[in-house]
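Next comes start09.cif, with mmCIF, C-alpha atoms.
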```cif
data_structure
#
loop_
_atom_site.label_atom_id
_atom_site.label_comp_id
_atom_site.auth_asym_id
_atom_site.auth_seq_id
_atom_site.Cartn_x
_atom_site.Cartn_y
_atom_site.Cartn_z
CA MET R 1 119.07 110.02 102.40
CA LEU R 2 119.67 106.26 102.41
CA LYS R 3 123.46 106.45 102.40
CA ASN R 4 123.76 104.67 105.74
CA ALA R 5 120.56 102.62 105.54
CA GLU R 6 120.83 98.95 106.35
CA LEU R 7 119.57 96.70 103.55
CA GLU R 8 118.42 93.12 103.92
CA GLU R 9 120.95 90.47 102.97
CA GLY R 10 120.65 89.74 99.26
CA PHE R 11 118.89 93.04 98.49
CA ASP R 12 118.37 93.08 94.71
CA ILE R 13 119.50 96.55 93.70
CA ASP R 14 119.12 95.64 90.01
CA ALA R 15 115.43 94.89 90.55
CA LEU R 16 115.02 98.22 92.31
CA VAL R 17 116.74 100.09 89.48
CA GLY R 18 114.59 98.25 86.94
CA SER R 19 111.42 99.38 88.69
CA THR R 20 112.25 103.08 88.52
CA GLY R 21 111.94 103.67 84.77
CA GLY R 22 110.33 107.01 83.99
CA MET R 23 110.74 108.38 87.49
CA THR R 24 112.14 111.86 87.99
CA GLY R 25 114.74 112.75 90.61
CA SER R 26 111.94 114.08 92.78
CA ASP R 27 110.02 110.79 92.37
CA LEU R 28 113.12 108.82 93.37
CA LYS R 29 113.68 111.00 96.42
CA GLU R 30 110.07 110.54 97.52
CA MET R 31 110.30 106.78 96.95
CA CYS R 32 113.43 106.59 99.10
CA ARG R 33 111.89 108.76 101.81
CA ASN R 34 108.79 106.56 101.94
CA ALA R 35 110.89 103.39 101.99
CA ALA R 36 113.05 104.72 104.82
CA ILE R 37 109.99 105.56 106.92
CA ARG R 38 108.26 102.17 106.57
CA PRO R 39 110.40 100.31 109.16
CA LEU R 40 109.93 103.21 111.60
CA ARG R 41 106.16 103.15 111.12
CA GLU R 42 106.14 99.39 111.68
CA TYR R 43 108.16 99.82 114.85
CA ILE R 44 105.78 102.48 116.15
CA ARG R 45 102.74 100.30 115.37
CA THR R 46 104.22 97.25 117.04
CA ASN R 47 105.68 99.04 120.09
CA PRO R 48 102.94 101.35 121.36
CA VAL R 49 104.14 100.88 124.95
CA GLU R 50 107.36 102.75 124.16
CA LEU R 51 105.41 105.72 122.84
CA GLN R 52 103.11 105.66 125.86
CA ARG R 53 106.15 105.79 128.19
CA HIS R 54 107.41 108.80 126.26
CA LYS R 55 104.07 110.57 126.65
CA GLU R 56 103.98 109.79 130.37
CA ARG R 57 107.45 111.34 130.80
CA GLY R 58 106.07 114.55 129.35
CA GLY R 59 106.98 114.05 125.70
CA ALA R 60 104.94 116.10 123.31
CA GLY R 61 102.80 114.15 120.87
CA ASP R 62 103.50 110.68 119.60
CA SER R 63 105.93 111.46 116.82
CA ALA R 64 109.23 109.60 116.70
CA ALA R 65 110.83 112.87 115.59
CA GLN R 66 110.14 114.22 119.07
CA LEU R 67 112.02 111.46 120.85
CA THR R 68 115.45 112.32 122.17
CA ALA R 69 118.60 110.57 120.99
CA GLU R 70 118.82 108.89 124.40
CA GLU R 71 115.29 107.52 124.04
CA THR R 72 115.97 106.10 120.58
CA ALA R 73 119.40 104.64 121.38
CA GLY R 74 118.03 101.14 121.98
CA VAL R 75 115.66 101.13 119.01
CA LYS R 76 116.64 98.66 116.30
CA LEU R 77 114.73 99.01 113.05
CA ARG R 78 114.62 96.21 110.53
CA PRO R 79 116.71 96.54 107.37
CA LEU R 80 115.07 97.89 104.24
CA VAL R 81 113.64 95.29 101.89
CA LEU R 82 112.73 95.59 98.22
CA THR R 83 109.01 95.72 99.00
CA ASP R 84 109.59 98.96 100.94
CA PHE R 85 110.22 100.55 97.53
CA GLU R 86 107.76 98.65 95.35
CA LEU R 87 104.46 100.24 96.32
CA THR R 88 105.71 103.67 95.32
CA SER R 89 106.97 102.32 92.02
CA VAL R 90 103.63 100.69 91.21
CA ASN R 91 101.75 103.85 92.17
CA HIS R 92 104.08 105.84 89.95
CA ALA R 93 103.29 103.64 86.95
CA HIS R 94 99.56 104.18 87.50
CA ALA R 95 100.07 107.95 87.84
CA LEU R 96 102.07 108.10 84.60
CA GLY R 97 99.37 106.14 82.83
CA GLN R 98 96.73 108.59 83.99
CA ALA R 99 98.84 111.66 83.20
CA TYR R 100 99.39 110.56 79.60
CA ASN R 101 95.92 109.05 79.11
CA LEU R 102 97.37 105.56 78.83
CA GLY R 103 94.98 104.06 81.35
CA GLU R 104 96.23 100.70 82.45
CA ASP R 105 98.34 100.15 79.31
CA LEU R 106 101.51 101.56 80.86
CA PHE R 107 101.08 99.43 83.97
CA ARG R 108 100.51 96.27 81.88
CA LEU R 109 103.53 97.08 79.71
CA ARG R 110 105.66 97.58 82.80
CA GLU R 111 104.53 94.24 84.28
CA SER R 112 105.29 92.44 81.00
CA LEU R 113 108.84 93.79 81.09
CA ASP R 114 109.47 92.61 84.68
#
```
Render the structure in this file as structure tokens.
Amino acid sequence: MLKNAELEEGFDIDALVGSTGGMTGSDLKEMCRNAAIRPLREYIRTNPVELQRHKERGGAGDSAAQLTAEETAGVKLRPLVLTDFELTSVNHAHALGQAYNLGEDLFRLRESLD
């Protein structure tokens, strides 16, 4: 999924790995999917004129998935940064805590290890 993704210079892969403790393969896949989409969402939010042009040319909806390869050729998304992954990791810690009736203990333990 992220095989060809551009990462910011100095991306700390060790920090990313350290934040994924307890995650399943499915959790990791979802985290990567969400991280990959964040730059696209930012681009869409900051470039509404491009989407409006697409609609005016008869494009259906406002989804980037509906843009043609020709229309997206000039689009340059920012590289992925560590914070693209962090929100999912934090949410995962809270979810684990709730699932195992640990409340905030798991989240505090995780923060103390970081």
Next item on the list: Let me know the residues the PyMOL selection byres ((chain R and resi 78-88) around 10) catches in the file above, as a ChimeraX atom specification.
Entry: /R:2,5-13,15-16,19-20,27-28,30-40,42-43,75-77,89-94
Check: Do you have the CA of Lys29 in chain R-CA of Met1 in chain R distance handy?
Finding: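 It comes out at 8.1 Å.
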Next item on the list: Calculate how many Å separate CA of Thr46 in chain R from CA of Gly74 in chain R, rounding to one decimal.
Entry: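 Between CA of Thr46 in chain R and CA of Gly74 in chain R the gap is 15.2 Å.
One distance worth recording is that between CA of Val49 in chain R and CA of Asn4 in chain R, which is 27.7 Å.
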